[in-house]
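**Q** So that you have it, the file is upload.txt, and it contains compact mmCIF, C-alpha atoms:
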# COMPACT_ATOMS: atom_id res chain seq x y z
CA MET Z 27 0.00 0.00 0.00
CA CYS Z 28 1.22 3.50 -0.63
CA GLN Z 29 2.59 5.63 2.16
CA THR Z 30 1.58 9.03 0.86
CA CYS Z 31 -2.13 9.00 1.55
CA GLY Z 32 -2.04 6.78 4.58
CA CYS Z 33 -4.25 4.06 3.14
CA ALA Z 34 -1.91 1.52 4.67
CA MET Z 35 -3.59 2.26 7.98
CA LYS Z 36 -6.34 0.17 9.54
CA PRO Z 37 -8.82 -0.80 6.80
CA ASP Z 38 -11.80 -0.34 9.09
CA VAL Z 39 -11.08 3.37 9.60
CA PRO Z 40 -13.83 5.00 7.54
CA ALA Z 41 -12.89 7.33 4.74
CA SER Z 42 -15.42 9.73 3.37
CA VAL Z 43 -15.40 10.85 -0.24
CA VAL Z 44 -17.06 14.18 -0.82
CA GLU Z 45 -18.06 15.21 -4.32
CA VAL Z 46 -17.53 18.95 -4.64
CA PHE Z 47 -17.55 20.24 -8.26
CA GLN Z 48 -16.78 23.76 -7.16
CA ASN Z 49 -14.79 26.46 -8.87
CA LEU Z 50 -11.55 27.02 -6.91
CA LEU Z 51 -12.07 30.73 -7.16
CA ALA Z 52 -15.69 30.58 -5.97
CA ASP Z 53 -14.96 32.84 -2.98
CA ASN Z 54 -13.31 35.45 -5.20
CA ASP Z 55 -16.15 35.22 -7.72
CA ARG Z 56 -18.75 35.70 -4.99
CA MET Z 57 -16.99 38.86 -3.81
CA ALA Z 58 -16.70 40.03 -7.42
CA VAL Z 59 -20.46 39.67 -7.88
CA HIS Z 60 -20.89 41.76 -4.74
CA ASN Z 61 -18.54 44.44 -6.10
CA ARG Z 62 -20.38 44.46 -9.41
CA ALA Z 63 -23.74 44.90 -7.68
CA HIS Z 64 -22.19 47.84 -5.82
CA PHE Z 65 -21.07 49.41 -9.13
CA ASP Z 66 -24.46 48.79 -10.72
CA ALA Z 67 -26.28 50.35 -7.77
CA HIS Z 68 -24.30 53.56 -8.32
CA GLY Z 69 -24.42 53.52 -12.12
CA VAL Z 70 -20.63 53.21 -12.36
CA LEU Z 71 -18.91 51.66 -15.39
CA ALA Z 72 -15.93 49.69 -14.04
CA ILE Z 73 -13.07 48.84 -16.36
CA ASN Z 74 -10.24 46.44 -15.48
CA LEU Z 75 -7.13 47.67 -17.28
CA MET Z 76 -4.38 45.08 -17.73
CA SER Z 77 -1.08 44.71 -19.56
CA SER Z 78 2.52 43.70 -19.04
CA PRO Z 79 4.58 46.16 -16.95
CA GLY Z 80 5.46 49.29 -18.89
CA ALA Z 81 2.93 48.96 -21.71
CA GLY Z 82 1.49 52.37 -20.89
CA LYS Z 83 -1.62 51.87 -18.74
CA THR Z 84 -1.04 54.88 -16.48
CA ALA Z 85 -0.01 57.10 -19.38
CA LEU Z 86 -3.21 56.18 -21.23
CA LEU Z 87 -5.25 56.95 -18.12
CA GLU Z 88 -3.56 60.35 -17.73
CA ALA Z 89 -4.44 61.24 -21.33
CA THR Z 90 -7.95 59.85 -20.95
CA ILE Z 91 -8.65 61.86 -17.82
CA ALA Z 92 -7.36 65.05 -19.42
CA ALA Z 93 -9.74 64.49 -22.34
CA LEU Z 94 -12.83 63.30 -20.45
CA LYS Z 95 -12.89 64.83 -16.97
CA SER Z 96 -15.08 67.71 -18.05
CA ARG Z 97 -17.71 65.28 -19.30
CA TYR Z 98 -17.51 62.32 -16.92
CA ARG Z 99 -16.65 61.96 -13.24
CA ILE Z 100 -13.71 59.56 -13.15
CA ALA Z 101 -11.94 57.70 -10.37
CA VAL Z 102 -9.07 55.21 -10.45
CA ILE Z 103 -8.03 52.28 -8.28
CA GLU Z 104 -4.34 51.57 -8.80
CA GLY Z 105 -2.70 48.20 -8.17
CA ASP Z 106 1.06 47.80 -7.73
CA LEU Z 107 3.36 45.67 -5.60
CA GLU Z 108 4.98 48.76 -4.13
CA THR Z 109 4.84 52.59 -4.20
CA ASP Z 110 1.92 54.86 -4.83
CA ASN Z 111 3.60 56.50 -7.81
CA ASP Z 112 0.75 55.69 -10.16
CA ALA Z 113 -2.01 56.92 -7.86
CA ALA Z 114 -0.05 60.14 -7.37
CA ARG Z 115 0.15 60.63 -11.15
CA ILE Z 116 -3.62 60.17 -11.44
CA ARG Z 117 -4.35 62.55 -8.55
CA ALA Z 118 -2.20 65.15 -10.30
CA GLN Z 119 -4.81 65.03 -13.08
CA GLY Z 120 -7.43 66.15 -10.55
CA VAL Z 121 -9.43 62.98 -10.02
CA PRO Z 122 -9.61 60.66 -6.99
CA ALA Z 123 -7.20 57.74 -7.02
CA LEU Z 124 -6.69 55.00 -4.48
CA GLN Z 125 -3.53 52.91 -4.40
CA ILE Z 126 -3.55 49.22 -3.48
CA THR Z 127 -0.05 47.93 -2.72
CA THR Z 128 -0.11 44.17 -2.84
CA GLY Z 129 3.36 43.50 -1.48
CA THR Z 130 4.14 40.23 -3.18
CA VAL Z 131 0.85 39.39 -4.86
CA CYS Z 132 1.08 39.78 -8.63
CA HIS Z 133 -2.58 40.51 -9.35
CA LEU Z 134 -5.56 42.28 -7.86
CA ASP Z 135 -8.47 40.23 -6.57
CA ALA Z 136 -12.06 40.98 -5.63
CA ALA Z 137 -11.30 41.21 -1.90
CA LEU Z 138 -8.61 43.86 -2.43
CA VAL Z 139 -10.93 45.89 -4.64
CA HIS Z 140 -13.76 45.50 -2.12
CA ARG Z 141 -11.53 46.89 0.64
CA ALA Z 142 -10.49 49.80 -1.59
CA LEU Z 143 -14.13 50.62 -2.33
CA HIS Z 144 -14.69 51.28 1.39
CA GLU Z 145 -12.45 54.33 0.97
CA LEU Z 146 -13.75 55.44 -2.41
CA PRO Z 147 -17.33 56.72 -2.35
CA LEU Z 148 -18.97 55.75 -5.63
CA ALA Z 149 -21.84 58.23 -5.43
CA GLY Z 150 -20.83 60.88 -7.91
CA ILE Z 151 -18.63 58.64 -10.07
CA ASP Z 152 -19.48 57.69 -13.65
CA LEU Z 153 -16.35 55.81 -14.70
CA LEU Z 154 -13.97 53.76 -12.55
CA PHE Z 155 -10.73 52.43 -13.95
CA ILE Z 156 -9.04 49.63 -12.06
CA GLU Z 157 -5.43 49.59 -13.20
CA ASN Z 158 -4.29 46.07 -12.45
CA VAL Z 159 -0.75 44.99 -11.53
CA GLY Z 160 1.43 44.84 -14.64
CA ASN Z 161 1.32 41.15 -15.51
CA LEU Z 162 -0.05 39.20 -18.49
CA VAL Z 163 -0.55 35.96 -16.59
CA CYS Z 164 -2.34 36.08 -13.22
CA PRO Z 165 -4.75 39.05 -13.46
CA ALA Z 166 -6.71 37.25 -16.16
CA GLY Z 167 -8.01 34.64 -13.75
CA PHE Z 168 -9.45 36.98 -11.09
CA ASP Z 169 -12.83 38.62 -11.55
CA LEU Z 170 -12.77 41.94 -9.68
CA GLY Z 171 -16.38 42.89 -10.30
CA GLN Z 172 -15.56 44.92 -13.41
CA HIS Z 173 -17.90 45.32 -16.40
CA ARG Z 174 -15.20 45.29 -19.05
CA ASN Z 175 -11.66 43.91 -19.43
CA VAL Z 176 -9.26 46.00 -21.50
CA THR Z 177 -5.75 44.74 -22.21
CA LEU Z 178 -2.98 46.96 -23.55
CA LEU Z 179 -0.33 45.65 -25.91
CA SER Z 180 2.52 48.01 -26.70
CA VAL Z 181 4.28 47.89 -30.06
CA THR Z 182 7.56 47.45 -28.20
CA GLU Z 183 6.38 43.97 -27.22
CA GLY Z 184 6.03 41.03 -29.60
CA ASP Z 185 3.09 40.96 -32.01
CA ASP Z 186 2.56 37.30 -31.11
CA LYS Z 187 1.64 38.14 -27.51
CA PRO Z 188 -2.06 37.16 -28.00
CA ALA Z 189 -0.88 33.67 -29.03
CA LYS Z 190 1.57 33.42 -26.14
CA TYR Z 191 -0.89 34.66 -23.50
CA PRO Z 192 -4.25 33.39 -24.75
CA VAL Z 193 -6.01 33.50 -21.36
CA ILE Z 194 -5.77 37.24 -20.84
CA PHE Z 195 -6.33 38.20 -24.46
CA ARG Z 196 -9.32 35.90 -24.77
CA ALA Z 197 -10.78 37.39 -21.59
CA SER Z 198 -10.53 40.92 -22.98
CA ASP Z 199 -13.46 42.91 -24.38
CA LEU Z 200 -11.03 45.29 -26.11
CA VAL Z 201 -7.33 45.17 -26.94
CA VAL Z 202 -5.57 48.51 -27.13
CA LEU Z 203 -2.31 48.79 -29.06
CA SER Z 204 -0.21 51.45 -27.34
CA LYS Z 205 2.82 53.53 -28.36
CA ILE Z 206 1.89 53.29 -32.04
CA ASP Z 207 3.92 56.44 -32.69
CA LEU Z 208 6.97 54.18 -32.34
CA LEU Z 209 5.96 51.93 -35.25
CA GLY Z 210 8.15 54.01 -37.53
CA VAL Z 211 11.30 53.02 -35.61
CA ILE Z 212 10.37 49.42 -34.82
CA ASP Z 213 11.06 46.76 -37.43
CA ASP Z 214 9.27 43.74 -36.20
CA PHE Z 215 5.85 44.68 -34.87
CA GLN Z 216 3.03 44.24 -37.36
CA PRO Z 217 -0.42 45.21 -36.09
CA ALA Z 218 -1.98 42.82 -38.62
CA ARG Z 219 -0.11 39.87 -37.06
CA ALA Z 220 -1.29 40.85 -33.58
CA ALA Z 221 -4.84 41.17 -34.92
CA ALA Z 222 -4.64 37.71 -36.51
CA ALA Z 223 -3.35 36.13 -33.29
CA LEU Z 224 -6.17 37.83 -31.41
CA ARG Z 225 -8.77 36.71 -33.96
CA ALA Z 226 -7.62 33.12 -33.55
CA LEU Z 227 -8.84 33.23 -29.96
CA GLY Z 228 -12.39 32.95 -31.23
CA ARG Z 229 -14.09 36.04 -29.81
CA ASP Z 230 -13.74 38.65 -32.56
CA THR Z 231 -12.29 41.02 -29.99
CA PRO Z 232 -11.81 44.55 -31.38
CA MET Z 233 -8.32 46.05 -31.45
CA ILE Z 234 -7.67 49.78 -31.57
CA CYS Z 235 -4.50 51.87 -31.81
CA THR Z 236 -3.35 54.58 -29.41
CA ALA Z 237 -0.44 56.82 -28.58
CA ALA Z 238 -0.47 58.74 -25.30
CA ARG Z 239 2.85 60.52 -24.88
CA ARG Z 240 4.61 62.85 -27.35
CA THR Z 241 2.02 62.04 -29.99
CA LEU Z 242 -1.53 61.98 -28.72
CA SER Z 243 -3.85 59.64 -30.59
CA ILE Z 244 -6.67 58.33 -28.45
CA ASP Z 245 -9.81 59.10 -30.47
CA ALA Z 246 -10.75 55.47 -31.11
CA TRP Z 247 -10.29 54.72 -27.38
CA LEU Z 248 -12.43 57.71 -26.34
CA GLU Z 249 -15.08 56.65 -28.84
CA TRP Z 250 -15.16 53.16 -27.35
CA LEU Z 251 -15.48 54.62 -23.83
CA ASP Z 252 -18.28 56.96 -24.96
CA HIS Z 253 -20.12 54.01 -26.41
CA GLU Z 254 -19.75 51.92 -23.25
CA LEU Z 255 -20.76 54.83 -21.02
CA SER Z 256 -23.83 55.68 -23.09
CA ASP Z 257 -25.21 52.31 -22.12
CA ARG Z 258 -25.35 53.54 -18.50
CA ALA Z 259 -26.36 50.10 -17.24
CA PRO Z 260 -23.69 47.89 -18.79
CA VAL Z 261 -24.46 44.22 -18.77
CA TYR Z 262 -21.53 42.11 -17.75
CA ARG Z 263 -21.26 38.88 -19.69
CA PRO Z 264 -18.57 36.86 -17.99
CA LEU Z 265 -16.77 34.08 -19.82
CA ALA Z 266 -18.61 31.66 -17.56
CA ARG Z 267 -16.62 28.59 -16.65
CA HIS Z 268 -18.52 26.13 -18.77
CA ALA Z 269 -18.30 23.48 -16.11
CA LEU Z 270 -20.35 25.54 -13.68
CA MET Z 271 -22.95 26.19 -16.34
CA GLN Z 272 -23.17 22.49 -17.06
CA ARG Z 273 -23.43 21.72 -13.38
CA ALA Z 274 -26.21 24.27 -12.95
CA GLY Z 275 -28.10 22.76 -15.85
CA ALA Z 276 -27.47 19.13 -14.91
CA MET F 21 -0.21 30.83 -4.62
CA SER F 22 -3.54 32.64 -4.12
CA VAL F 23 -5.25 29.79 -5.94
CA CYS F 24 -3.53 27.24 -3.68
CA GLN F 25 -4.68 29.25 -0.66
CA ALA F 26 -8.24 29.21 -1.99
CA LEU F 27 -8.00 25.47 -2.61
CA LEU F 28 -6.74 24.71 0.91
CA ALA F 29 -9.38 27.00 2.44
CA GLN F 30 -12.19 25.23 0.54
CA VAL F 31 -10.85 21.81 1.49
CA ALA F 32 -10.42 22.81 5.14
CA ARG F 33 -14.03 24.07 5.26
CA ILE F 34 -15.32 20.80 3.83
CA ALA F 35 -13.20 18.75 6.24
CA GLN F 36 -14.21 20.83 9.27
CA ASP F 37 -17.93 20.78 8.35
CA ARG F 38 -17.83 16.98 8.36
CA GLY F 39 -15.68 16.61 11.45
CA ALA F 40 -12.87 14.90 9.56
CA THR F 41 -9.55 14.29 11.27
CA ALA F 42 -7.51 14.63 8.09
CA VAL F 43 -7.70 15.04 4.32
CA LYS F 44 -6.41 12.03 2.38
CA ARG F 45 -6.78 13.07 -1.21
CA ILE F 46 -7.79 16.15 -3.18
CA SER F 47 -8.88 15.81 -6.82
CA ILE F 48 -8.96 18.87 -9.02
CA GLU F 49 -9.53 19.53 -12.70
CA LEU F 50 -7.40 22.07 -14.57
CA GLY F 51 -8.01 23.23 -18.11
CA PRO F 52 -5.23 24.82 -20.23
CA LEU F 53 -7.18 28.09 -20.35
CA CYS F 54 -7.86 28.48 -16.65
CA GLY F 55 -4.83 30.71 -16.12
CA VAL F 56 -3.21 28.45 -13.54
CA ASP F 57 -0.21 26.19 -14.17
CA ALA F 58 -0.48 22.66 -12.73
CA GLY F 59 3.22 22.43 -11.88
CA GLN F 60 3.20 25.69 -9.95
CA LEU F 61 0.05 24.68 -8.10
CA GLU F 62 1.67 21.37 -7.11
CA ALA F 63 4.77 23.16 -5.88
CA ALA F 64 2.74 25.66 -3.86
CA PHE F 65 0.60 22.85 -2.45
CA ALA F 66 3.62 20.90 -1.21
CA VAL F 67 4.61 23.90 0.90
CA MET F 68 1.29 25.43 1.88
CA ARG F 69 -0.45 22.26 3.08
CA ARG F 70 1.93 21.91 6.03
CA GLY F 71 0.43 22.16 9.47
CA GLY F 72 -3.19 21.90 8.34
CA LEU F 73 -5.77 19.16 7.91
CA ALA F 74 -4.41 18.52 4.44
CA ALA F 75 -0.80 18.14 5.60
CA GLY F 76 -0.66 14.51 4.42
CA ALA F 77 -3.01 14.83 1.48
CA GLU F 78 -2.26 13.70 -2.05
CA LEU F 79 -3.14 16.23 -4.76
CA ALA F 80 -4.44 14.66 -7.97
CA ILE F 81 -4.70 17.02 -10.96
CA ALA F 82 -6.70 15.91 -13.99
CA SER F 83 -6.14 17.91 -17.15
CA VAL F 84 -8.93 18.72 -19.57
CA GLY F 85 -8.85 19.21 -23.32
CA VAL F 86 -9.95 22.37 -25.11
CA ARG F 87 -13.25 22.09 -26.96
CA VAL F 88 -15.24 24.81 -28.74
CA ALA F 89 -18.74 25.11 -30.20
CA CYS F 90 -19.02 27.11 -33.41
CA ALA F 91 -21.25 30.20 -33.56
CA ALA F 92 -21.69 29.70 -37.30
CA CYS F 93 -22.23 25.96 -37.92
CA GLY F 94 -22.97 24.85 -34.33
CA LYS F 95 -20.56 21.90 -34.42
CA GLU F 96 -18.24 21.11 -31.53
CA SER F 97 -14.57 20.53 -32.21
CA GLU F 98 -11.26 20.16 -30.43
CA ALA F 99 -9.03 23.20 -30.28
CA THR F 100 -5.79 24.45 -28.73
CA PRO F 101 -5.45 27.27 -26.19
CA ASN F 102 -4.41 29.88 -28.76
CA ARG F 103 -6.29 28.59 -31.77
CA LEU F 104 -9.97 28.47 -30.84
CA ILE F 105 -11.28 28.30 -34.39
CA CYS F 106 -14.00 25.90 -35.54
CA ALA F 107 -12.31 22.80 -36.97
CA ALA F 108 -15.41 22.02 -39.04
CA CYS F 109 -16.02 25.25 -40.94
CA GLY F 110 -13.08 27.50 -39.98
CA ALA F 111 -15.24 30.21 -38.39
CA TYR F 112 -13.49 32.62 -36.02
CA ARG F 113 -16.32 32.97 -33.53
CA THR F 114 -16.67 30.12 -31.06
CA ARG F 115 -17.90 29.38 -27.57
CA LEU F 116 -15.61 27.54 -25.18
CA MET F 117 -17.17 24.26 -24.06
CA ALA F 118 -14.20 22.82 -22.20
CA GLY F 119 -10.71 23.94 -21.28
CA ASP F 120 -10.95 26.69 -18.66
CA GLU F 121 -11.87 24.49 -15.72
CA LEU F 122 -10.37 25.31 -12.35
CA ARG F 123 -12.48 22.95 -10.28
CA LEU F 124 -12.26 21.16 -7.00
CA MET F 125 -13.85 17.82 -7.90
CA GLN F 126 -13.58 15.58 -4.90
CA VAL F 127 -12.12 15.47 -1.40
CA GLU F 128 -11.36 12.21 0.38
CA LEU F 129 -11.46 12.57 4.15
CA ARG F 130 -10.35 10.49 7.12
CA MET F 131 -13.21 10.38 9.61
CA PRO F 132 -12.90 9.65 13.33
CA GLU F 133 -13.61 6.08 14.34
CA PRO F 134 -17.30 5.57 15.20
CA ARG F 135 -18.01 4.98 18.92
CA ALA F 136 -19.06 1.45 19.75
CA ALA F 137 -22.86 1.11 20.09
CA LEU F 138 -24.13 0.72 23.64
CA PRO F 139 -25.52 -2.72 24.44
CA ALA F 140 -29.32 -2.89 24.32
Produce structure tokens that represent the structure in this file.

**A**
Amino acid sequence: MCQTCGCAMKPDVPASVVEVFQNLLADNDRMAVHNRAHFDAHGVLAINLMSSPGAGKTALLEATIAALKSRYRIAVIEGDLETDNDAARIRAQGVPALQITTGTVCHLDAALVHRALHELPLAGIDLLFIENVGNLVCPAGFDLGQHRNVTLLSVTEGDDKPAKYPVIFRASDLVVLSKIDLLGVIDDFQPARAAAALRALGRDTPMICTAARRTLSIDAWLEWLDHELSDRAPVYRPLARHALMQRAGA
Amino acid sequence: MSVCQALLAQVARIAQDRGATAVKRISIELGPLCGVDAGQLEAAFAVMRRGGLAAGAELAIASVGVRVACAACGKESEATPNRLICAACGAYRTRLMAGDELRLMQVELRMPEPRAALPA
């Protein structure tokens, strides 16, 4: 008999097998649903902004706030391992920003966002950006309660990123190419290749181009935001784990 | 690591609710699109289970294949994590039927020995 599970012990000691069929992230998902209900109750559109470190999330938010703050009331929740540099940059734009420092955790989760919301009154907010920790792997798996997932891909990264990181790109409602003003000096990034890799993930996810520093080109992004905000009561359609759906229907 | 924490918390709850003395075996199902790597979960488990009810538990991970249903022709076909196109008609819009599972399937518990029945 094997030694690892202890089944070599007395055979008359009862063992109990419990069938579970539960999502490992059920607790997180439950908290995310709670967060989403909180957003819905206040008419807030919540956007989870993800990318690898340095792709330009904060820069895009700075440009977005400058363009939209006269029309929409915006707030930002920032997620980083350390420092509140990003929240400070956002506050300098004149909108509320709350910094979550995770320490060692490489992604935000629903509990962290829930705690942050205790310090960020949502009454009087139209649009909340949650800037996730820079990471193309872990954030994808954690529902925060957002309505939309937006992933940035900078042209200084590889154009095969959607193929290399299918989970996060498949989970995205919009992919934003950033730093497109650098395309002229970069040899090996082809937007068409990135679009093809994204298309192969089976969701027809739109991809738009932006530049947010020396050249400012964010019209397509602002248009997308306008469209999402005009809905006012955005319906969140999660990529439901099919197993749970099957279980519910069984 | 957060996922391992969530796993151990769920298992501990189940074990405590049933008055188990230990957890013998944990069976989970992991799809390639769930965002969690099996090897990393195993490594985290080996460390994080120490000192708890699952300290001596075996972790069994079953992997699942990727399967999609086509939005155009309705057929189901096998796919790969980064190529979720319909194998039947080549359409680029599909629904994921299998492959993103991150499920706790079964927990095997050690229960305390039943007390001997009192004589009638």

**Q** I want to know what sits within 6 Å of range 83-95 of chain F, based on only C-alpha atoms, with residues of the same chain fewer than 3 positions away left out; could you give that as a list of chain:residue names?

**A**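 Counting only the stated atoms, we get F:Glu49, F:Leu50, F:Gly51, F:Glu98, F:Ala99, F:Thr100, F:Cys106, F:Arg113, F:Thr114, F:Arg115, F:Leu116, F:Met117, F:Ala118, F:Gly119.
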
**Q** Output C-alpha atoms of each residue in that selection to a file, as a PDB file, in the frame of the given file.

**A**
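What ended up in again.pdb:
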ATOM      1  CA  GLU F  49      -9.530  19.530 -12.700  1.00  0.00           C
ATOM      2  CA  LEU F  50      -7.400  22.070 -14.570  1.00  0.00           C
ATOM      3  CA  GLY F  51      -8.010  23.230 -18.110  1.00  0.00           C
ATOM      4  CA  GLU F  98     -11.260  20.160 -30.430  1.00  0.00           C
ATOM      5  CA  ALA F  99      -9.030  23.200 -30.280  1.00  0.00           C
ATOM      6  CA  THR F 100      -5.790  24.450 -28.730  1.00  0.00           C
ATOM      7  CA  CYS F 106     -14.000  25.900 -35.540  1.00  0.00           C
ATOM      8  CA  ARG F 113     -16.320  32.970 -33.530  1.00  0.00           C
ATOM      9  CA  THR F 114     -16.670  30.120 -31.060  1.00  0.00           C
ATOM     10  CA  ARG F 115     -17.900  29.380 -27.570  1.00  0.00           C
ATOM     11  CA  LEU F 116     -15.610  27.540 -25.180  1.00  0.00           C
ATOM     12  CA  MET F 117     -17.170  24.260 -24.060  1.00  0.00           C
ATOM     13  CA  ALA F 118     -14.200  22.820 -22.200  1.00  0.00           C
ATOM     14  CA  GLY F 119     -10.710  23.940 -21.280  1.00  0.00           C
TER      15      GLY F 119
END

**Q** Would you pick out the contacts of Gly160 in chain Z at 8 Å or less, using all atoms listed in the file, so that residues sharing its chain but fewer than 2 positions from it are not included, and give the list as a list in words?

**A**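 Here the answer would be Met76, Ser77, Ser78, Pro79, Gly80, Asp106, Cys132, His133, Asn158 and Leu162 of chain Z.
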
**Q** Using only C-alpha atoms, find the residues of chain F whose closest atom to chain Z is at most 7 Å away, then write them as a ChimeraX atom specification.

**A** /F:23,26-27,44-45,53-55,76-78,101-105,112-114,117-118,120-131,133

**Q** Here is a test: counting all atoms listed in the file, which residue of Z:Leu248, Z:Ala113, Z:Ile126, Z:Ala218 is nearest to Ala93 in chain Z?

**A**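 Of Z:Leu248, Z:Ala113, Z:Ile126, Z:Ala218, the one nearest Ala93 in chain Z is Z:Leu248, counting all atoms listed in the file.
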
**Q** Which of these, Z:Arg62, Z:Arg99, Z:Lys205, Z:Arg239, has the shortest distance to Thr182 in chain Z once you count only C-alpha atoms?

**A**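 Distance minimum relative to Thr182 in chain Z lands on Z:Lys205.
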
**Q** Quote the spacing between CA of Leu148 in chain Z and CA of Leu178 in chain Z in Å to one decimal place.

**A**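 So the two atoms, CA of Leu148 in chain Z and CA of Leu178 in chain Z, lie 25.6 Å apart.
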
**Q** Env of Val201 in chain Z: 7 Å cut, atoms = all atoms listed in the file, seq-sep filter 5 positions within chain, self excluded. Answer as a compact mmCIF listing (two decimals) with C-alpha atoms, keeping the file's coordinate frame.

**A**
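Below is the file that was written, around36.txt:
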# COMPACT_ATOMS: atom_id res chain seq x y z
CA VAL Z 176 -9.26 46.00 -21.50
CA THR Z 177 -5.75 44.74 -22.21
CA LEU Z 178 -2.98 46.96 -23.55
CA PRO Z 232 -11.81 44.55 -31.38
CA MET Z 233 -8.32 46.05 -31.45
CA ILE Z 234 -7.67 49.78 -31.57

**Q** Can you tell me, as a count of residues only, what residues are no more than 12 Å from Asp252 in chain Z when counting only C-alpha atoms, ignoring any on the same chain fewer than 4 positions away?

**A** 15

**Q** Let me make sure I understand: among Z:His144, Z:Lys95, Z:Arg174, Z:Arg115, which one has the smallest atom-to-atom distance to Leu75 in chain Z if we use all atoms listed in the file?

**A**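 When distances to Leu75 in chain Z are compared using all atoms listed in the file, the smallest one comes from Z:Arg174.
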
**Q** I'd like to know which of Z:Val159, Z:Leu208, Z:Ile151, Z:Ala197 is closest to Ile100 in chain Z, using all atoms listed in the file.

**A** Z:Ile151
